[in-house]
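Below you'll find the structure, written out as structure tokens, and then a few comments.
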Amino acid sequence: MAGSSAGMTALLCNMNKRIAIFYPTITYQRHNWCVIRRICMSVSRCQSQAQTKRKSAPQELVGVVGLEIHAQIHSNTKLFSGSQVGFQAPPNSLVSFFDASLPGTLPVLNRRCVEAAVMTGLALNCTINRKSLFDRKHYFYADLPAGYQITQQRLPIAVDGTLTYSHLGGRKRNTVVTKSVRIKQIQLEQDSGKSLHDDYRSQTLIDLNRAGVGLMELVMEPDMSCGEEAAAAVREMQLILQALGTCQGNMAEGQLRVDANVSVHRPGDPWGIRTEVKNINSARNLARAIDYEIQRQMFVLESGGTVQNETRSFDGKTGHTIPMRDKEGLQDYRFMPEPNLPPLMVYEACSTAPPGVAPSQVVVLEEVRERLPDLPSVRRQRLVETYGILPEHSFTLVNEDGLMDYFEAVVKETKAGPRKVIGWVMKELQGLLHQQNLSVSQSPISPQALAQILNLQENGQISSSIAKQVFQELWKTPGKTAQQIVKEQDLGIVNDSTEIHRICQKVVDSHPDQVQAIRSGNKKVLNKLMGLVQKETKGRADPVLVRAILEQKTN
Amino acid sequence: MLSLSIREVSLALREGRISPTELCRKCLNRIKKTHYLNAYITVTEELALKQAQEAESRLLKGAPKGPLDGIPFAVKDNFCTENIKTTCASKMLKDYTPPYSATVVQKLLDQGAVLMGKTNLDEFAMGAGSTDSAFGPVRNPWSYAAPYREQTGTEMDSDWVITGGSSGGSAAAVASLTSFLALGSDTGGSTRNPGALCGVVALKPTYGLVSRHGLVPLVNSMDVPGIITRSVHDAATVLDILQGHDVKDSTTITHNPSTLTHLFEDFDVRNICVGIPKEYHAPGLSQETLAQWSRVADMFERAGARVEQVSLPHTQHSIVCYHVLCHTEVASNMARFDGLEYGHRSGIDSSTEAMYSTTRHEGFNDVVRGRILSGNYFLLRQNYEHYFVKAQQVRRLIAEDFKRVFSSGVDVLLTPTTLSDAMRYTDFMQEDNRTRSAQEDIFTQPVNMAGLPAVSVPTALSNRGLPIGLQLIGPALQDRKLLTVAQWIEQKVGFPPIRYLGDAGEGEMGEEVHEREQTSVV
């Protein structure tokens with residue numbers, strides 16, 4: 001760092017913090033809260049909104065939602081400097097002279113970050129600008145050491161794209177509803193550092209590890225109308241970025257940061273005054289924040305008030321948004337061109353790049369396009385076609401982190417058909433995972449273990465109800481194998497026909513009414529008797545055999 | 001020995017006529033003796049002696065690193081130097097020690113050149129007099145030289161003239177023979193202007209030819225490291241070492257420029273066309289400077305060169321346009337000086353904002369603060385189109401003027417560097433910084449707008465005994481050709497070396513030396 005005078009500790013600056021931005025003054029009137037909450041409860045999904053829209057007079061207010069997504073570029077080094085990008089490193093350990101804005105340092109563009117933005121742009125059907133420019137956006141803030149952020153305000157790297165996303169809709173919420181939102185632009189820009197406020201010592205500590213990390217700012221047009229749509233769009237964006245490897249996409253870790261621009265209006269009218277909702281750390285909270293904000297604005301307007309153009313912060317605990325920054329003195333960022341970076345050029349093919357430039361320094365569209373992996377929509381299509389599963393199942397498989405890989409691993413190792421496997425994955429596995437709030441990767445049962453259970457069943461060694469029982473057992477004692485459990489608890493199927501004959505006879509003898517019913521043609525009653533036999537055998541009897549014997553005995 | 005050129009002293013070092021440590025000591029002594037010039041902010045005596053020692057052992061082994069091995073040099077105090085204070089002549093960076101060296105400084109050090117110290121300037125290079133420094137004004141060495149003293153005969157301490165600026169300390173260092181070369185920076189003439197007023201060669205290379213990495217910026221799109229020497233050949237030698245692509249500066253030119261050390265030896269003045277821009281007959285141009293301009297133009301003509309009057313119609317708008325562009329970039333570049341990471345920090349800490357504003361108020365002088373204020377005004381959303389965009393458009397017109405002239409067959413433009421010889425400090429301070437800059441940069445500034453190479457060559461002494469310089473401007477990347485023509489002028493004009501009353505440059509003060517020196521220079 002800054003030589004003798006300023007070591008790393010000098011970055012930990014002593015500041016009294018009467019900064020409005022840190023301490024939002026809550027001007028919102030508290031007595032409105034409960035009212036809003038009640039309204040909020042009464043409306044949940046866009047479907048219901050859309051329906052009311054259609055049914056009632058055109059005067060009905062509807063929500064308008066646009067998103068601004070900051071995606072941290074997954075790269076080894078920062079956007080304009082050679083420092084490493086890392087999230088767990090000690091404070092101020094990944095800071096180059098440029099990142100700390102030492103006088104005389106200059107930005108040097110990281111090609112990897114440009115490629116990430118180009119690849120993302122291509123995946124979102126954007127037009128990639130062959131020439132884009134960098135600008136400086138000025139504001140004073142302790143974690144912005146240069147006093148400006150380098151961004152792409154005038155001519156961003158990619159424009160005019162679309163994101164197609166789906167969510168489960170319909171009455172049973174099992175129909176895949178597909179929509180799209182326009183992407184206005186993708187711009188490359190620098191991340192800021194982090195301010196850590198120590199209230200006790202009245203200090204602000206600055207960590208510049210994040211300062212200068214590459215960001216893609218993805219700006220969406222206000223094509224959405226509710227929290228659910230926004231959450232689904234963000235989820236799809238996340239999946240796309242992860243598939244591309246251009247962003248790790250973890251919202252909780254701040255790799256993907258979503259701000260929502262929310263307004264309400266009557267269809268046909270101009271858009272209403274919007275608020276910007278920040279501080280949203282998950283897709284679920286995004287939906288909550290937006291729906292709350294829409295209801296709040298509707299309430300304000302319906303009670304004769306006006307919506308303020310302001311930035312609001314979402315409080316995950318209360319589910320409310322609260323005013324954050326006063327936009328009264330509208331901030332003027334005093335944009336100007338960044339003079340230290342030549343225009344960013346992207347070439348269609350190697351052959352169209354100018355001579356004399358090292359090929360390693362050139363970003364070529366053709367090459368990036370070739371490296372594009374399968375996108376989530378293609379994966380879903382492939383799952384449906386390859387395994388003959390339902391579209392909504394493919395949707396769940398792709399959208400749940402790691403579920404598709406899990407499913408395919410099971411299919412690979414079992415004789416059971418994919419449609420049988422999907423049932424197990426959707427019902428048994430997902431059920432327990434959700435119940436215990438675990439991710440797929442945390443599942444105590446590996447795909448191989450599930451395949452073993454299915455194989456035991458396929459081979460006729462255990463019945464389907466025993467298979468489920470084994471699954472439950474295995475979940476509790478993941479160290480064991482399915483075979484071990486079957487053996488230890490004597491769960492293997494009973495094939496001894498004398499024994500089964502004996503039990504069947506016992507059941508038939510003790511249920512003369514049912515036998516009579518069967519004999520008079522009500523074959524369904526046979527199932528009841530089968531159940532009773534299985535109860536006797538603890539589900540271990542071969543159902544085919546049992547049915548045959550019972551049919552014979554009730555004939 | 002100290003008044004030799006780099007070429008000459010380098011030969012002396014190789015031949016063992018003097019050792020690098022002796023040379024270094026002589027320069028250090030001379031720095032002490034000329035302390036009153038206030039040319040240096042920091043003198044790196046210890047380091048210099050150590051570097052000289054290292055150069056000496058290389059030379060003794062007969063393995064010098066190059067033509068600059070063991071040569072003392074000075075650096076304007078707005079270039080970063082690792083572990084050596086870099087103040088920009090501002091209270092803001094009074095105690096700032098950078099952890100790295102500017103590319104140009106590193107290149108010179110890598111060549112074995114010996115750093116004598118950091119030279120004075122206008123705060124953050126904003127000025128044309130080297131009078132607005134937190135460390136006090138720089139005095140022009142010619143104020144103390146025999147010709148001026150003989151003409152004016154006035155009191156030494158009240159009647160000194162300015163060096164010009166903002167690289168006044170660097171120009172004074174080379175002119176007063178304390179260094180053989182010095183780095184300046186040139187944004188609107190900051191190297192050429194003091195070069196002309198101090199009677200030294202001052203080169204502003206093509207924008208992008210020399211790395212700006214480590215130069216604390218004034219206007220990024222116009223800043224170029226400048227080279228100050230006592231001969232054109234020396235400037236070429238230094239440019240040869242400094243030029244080239246730098247991965248740390250994305251605006252440097254990537255292709256390899258031609259080598260410069262050997263200026264065109266087959267140069268024939270009859271093959272060139274010298275343009276004389278008519279717009280440079282500006283109000284305020286002194287009779288003497290005009291006379292020198294005509295004299296050199298005539299020399300060219302008599303020698304068989306084609307001399308043509310040309311027009312650069314948009315030049316007149318250059319200064320006002322420069323002010324807008326300069327101030328906006330200043331407003332932006334100065335934003336990092338907030339007292340948090342480095343530099344001055346105010347004791348006021350009632351809030352972050354209060355700390356920012358008091359830090360910046362205390363740290364910057366009123367020139368810097370004024371430029372920050374107007375620059376931010378020009379960048380406001382409602383003003384951007386009216387000021388910044390317009391100024392950029394005019395900048396393009398100015399650049400196109402030059403392009404048109406050069407594509408019409410003109411090889412170089414010959415102009416004055418400044419309106420007149422150096423002003424007395426007391427006269428100079430009558431006007432504010434802005435007015436002075438507007439006047440002083442008039443001939444030098446358009447070149448920065450267009451990114452072209454230009455060099456100021458000392459031509460003659462005025463009636464007051466002060467240097468007058470002329471400027472040559474060339475097409476982009478024709479630095480070599482430009483220097484070749486400059487060398488031709490240098491050889492024809494016979495500019496006198498500096499000569500002190502009672503000082504042989506390096507000998508003891510005294511009548512005897514004075515007598516001898518006076519007779520030796522004619």
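Residues are named by chain letter and number: chains run A, B, ... in the order of the structure tokens, numbers start at 1 in each chain, and ligands are numbered from 1 in the order shown.
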With only C-alpha atoms as the counted atoms, please give the residues lying no more than 8 Å from segment 183-194 of chain A, apart from itself and same-chain residues fewer than 2 positions off, as a ChimeraX atom specification. /A:72,79,114,117,121,124,126,143-144,149-153,156-163,181,196,206-221
Mind checking DSSP for segment 170-221 of chain A and telling me the strand (DSSP E or B) residues as an MDAnalysis selection string? chainID A and resid 175:190 194:198 203:207 214:220
Please list as a ChimeraX atom specification every residue within 6 Å of segment 127-139 of chain B, counting only C-alpha atoms and excluding residues in the same chain fewer than 4 positions away. /B:37-39,89-90,121-123,162-166,168,437
Residues of chain B within 7 Å of chain A, counting only C-alpha atoms, as JSON, numbers by chain: {"B": [83, 96, 97, 98, 99, 213, 214, 215, 216, 217, 220, 221, 248, 249, 250, 251, 255, 335, 336, 340, 341, 342, 349, 350, 351, 352, 376, 379, 380, 381]}
Which polymer residues have any atom within 6 Å of an atom of segment 320-327 of chain B, counting only C-alpha atoms, with same-chain residues fewer than 5 positions away left out, as a list in words? Val219, Arg371, Gly375 and Ala391 of chain B
Skipping near chain neighbours, those fewer than 2 positions away, what residues fall within 12 Å of Ala449 of chain A using only C-alpha atoms, listed as a CSV table (one decimal) with N, CA and C atoms, in the first residue's frame?
chain,number,residue,atom,x,y,z
A,406,TYR,N,-28.2,-35.2,-10.2
A,406,TYR,CA,-28.6,-36.3,-9.3
A,406,TYR,C,-29.5,-37.3,-10.1
A,409,ALA,N,-27.7,-39.3,-12.7
A,409,ALA,CA,-26.8,-40.3,-12.0
A,409,ALA,C,-27.5,-41.5,-11.6
A,410,VAL,N,-28.7,-41.3,-11.1
A,410,VAL,CA,-29.6,-42.4,-10.6
A,410,VAL,C,-30.0,-43.2,-11.9
A,411,VAL,N,-30.4,-42.5,-12.9
A,411,VAL,CA,-30.9,-43.2,-14.1
A,411,VAL,C,-29.8,-44.1,-14.7
A,413,GLU,N,-27.5,-45.6,-13.2
A,413,GLU,CA,-27.1,-46.8,-12.4
A,413,GLU,C,-28.2,-47.8,-12.0
A,414,THR,N,-29.3,-47.5,-12.6
A,414,THR,CA,-30.4,-48.4,-12.2
A,414,THR,C,-31.1,-48.9,-13.4
A,429,LEU,N,-37.2,-38.0,-2.5
A,429,LEU,CA,-36.0,-37.2,-2.2
A,429,LEU,C,-36.3,-35.7,-1.9
A,443,SER,N,-27.8,-34.0,0.5
A,443,SER,CA,-28.7,-35.2,0.7
A,443,SER,C,-27.8,-36.3,1.3
A,444,PRO,N,-28.3,-37.0,2.3
A,444,PRO,CA,-27.6,-38.1,2.9
A,444,PRO,C,-27.6,-39.3,2.0
A,445,ILE,N,-28.5,-39.3,1.1
A,445,ILE,CA,-28.6,-40.5,0.2
A,445,ILE,C,-28.0,-40.1,-1.2
A,446,SER,N,-26.9,-40.8,-1.5
A,446,SER,CA,-26.3,-40.5,-2.8
A,446,SER,C,-27.1,-41.1,-3.9
A,447,PRO,N,-26.9,-40.5,-5.2
A,447,PRO,CA,-27.6,-41.1,-6.3
A,447,PRO,C,-27.3,-42.6,-6.4
A,451,ALA,N,-30.1,-45.6,-6.4
A,451,ALA,CA,-30.1,-46.5,-7.5
A,451,ALA,C,-30.1,-48.0,-7.0
A,452,GLN,N,-29.4,-48.2,-5.9
A,452,GLN,CA,-29.3,-49.5,-5.3
A,452,GLN,C,-30.7,-50.0,-4.8
A,453,ILE,N,-31.4,-49.0,-4.1
A,453,ILE,CA,-32.7,-49.3,-3.6
A,453,ILE,C,-33.6,-49.7,-4.8
A,454,LEU,N,-33.6,-48.9,-5.8
A,454,LEU,CA,-34.4,-49.1,-7.0
A,454,LEU,C,-34.1,-50.4,-7.6
A,455,ASN,N,-32.8,-50.8,-7.7
A,455,ASN,CA,-32.4,-52.0,-8.2
A,455,ASN,C,-32.9,-53.2,-7.4
A,456,LEU,N,-32.9,-53.1,-6.1
A,456,LEU,CA,-33.4,-54.2,-5.3
A,456,LEU,C,-34.9,-54.4,-5.6
A,467,ALA,N,-39.2,-50.6,-0.3
A,467,ALA,CA,-38.2,-49.7,-0.9
A,467,ALA,C,-38.3,-48.3,-0.2
A,470,VAL,N,-36.9,-48.6,3.2
A,470,VAL,CA,-35.4,-48.6,3.2
A,470,VAL,C,-34.8,-47.2,2.9
A,471,PHE,N,-35.5,-46.5,2.1
A,471,PHE,CA,-35.1,-45.1,1.8
A,471,PHE,C,-35.1,-44.3,3.1
A,472,GLN,N,-36.1,-44.4,3.8
A,472,GLN,CA,-36.2,-43.6,5.1
A,472,GLN,C,-35.1,-44.0,6.1
A,473,GLU,N,-34.9,-45.4,6.1
A,473,GLU,CA,-33.8,-45.9,7.0
A,473,GLU,C,-32.5,-45.4,6.6
A,474,LEU,N,-32.2,-45.4,5.3
A,474,LEU,CA,-30.9,-45.0,4.8
A,474,LEU,C,-30.7,-43.5,5.1
A,475,TRP,N,-31.8,-42.8,5.0
A,475,TRP,CA,-31.7,-41.3,5.2
A,475,TRP,C,-31.1,-41.1,6.7
A,477,THR,N,-29.5,-43.4,8.6
A,477,THR,CA,-28.2,-44.0,8.8
A,477,THR,C,-27.4,-44.1,7.5
A,478,PRO,N,-26.9,-43.0,7.0
A,478,PRO,CA,-26.3,-42.9,5.7
A,478,PRO,C,-25.1,-43.8,5.5
A,479,GLY,N,-24.5,-44.3,6.6
A,479,GLY,CA,-23.3,-45.1,6.4
A,479,GLY,C,-23.6,-46.4,5.9
A,480,LYS,N,-24.8,-46.9,6.0
A,480,LYS,CA,-25.1,-48.3,5.6
A,480,LYS,C,-25.5,-48.3,4.1
A,481,THR,N,-25.5,-49.6,3.6
A,481,THR,CA,-26.0,-49.8,2.2
A,481,THR,C,-27.4,-50.3,2.3
A,482,ALA,N,-28.1,-50.2,1.2
A,482,ALA,CA,-29.5,-50.7,1.2
A,482,ALA,C,-29.6,-52.1,1.5
A,483,GLN,N,-28.6,-52.9,0.9
A,483,GLN,CA,-28.6,-54.3,1.2
A,483,GLN,C,-28.5,-54.6,2.7
A,484,GLN,N,-27.6,-53.9,3.3
A,484,GLN,CA,-27.4,-54.1,4.8
A,484,GLN,C,-28.7,-53.9,5.5
A,485,ILE,N,-29.4,-52.9,5.2
A,485,ILE,CA,-30.6,-52.6,5.9
A,485,ILE,C,-31.7,-53.7,5.7
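A straight line drawn from atom CA of Glu68 of chain A to atom CA of Asp259 of chain A is 5.2 Å long.
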Please list as a PyMOL selection string every residue within 7 Å of segment 47-56 of chain B, counting only C-alpha atoms and excluding residues in the same chain fewer than 5 positions away. chain B and resi 19-21+24+69-70+112+114-116
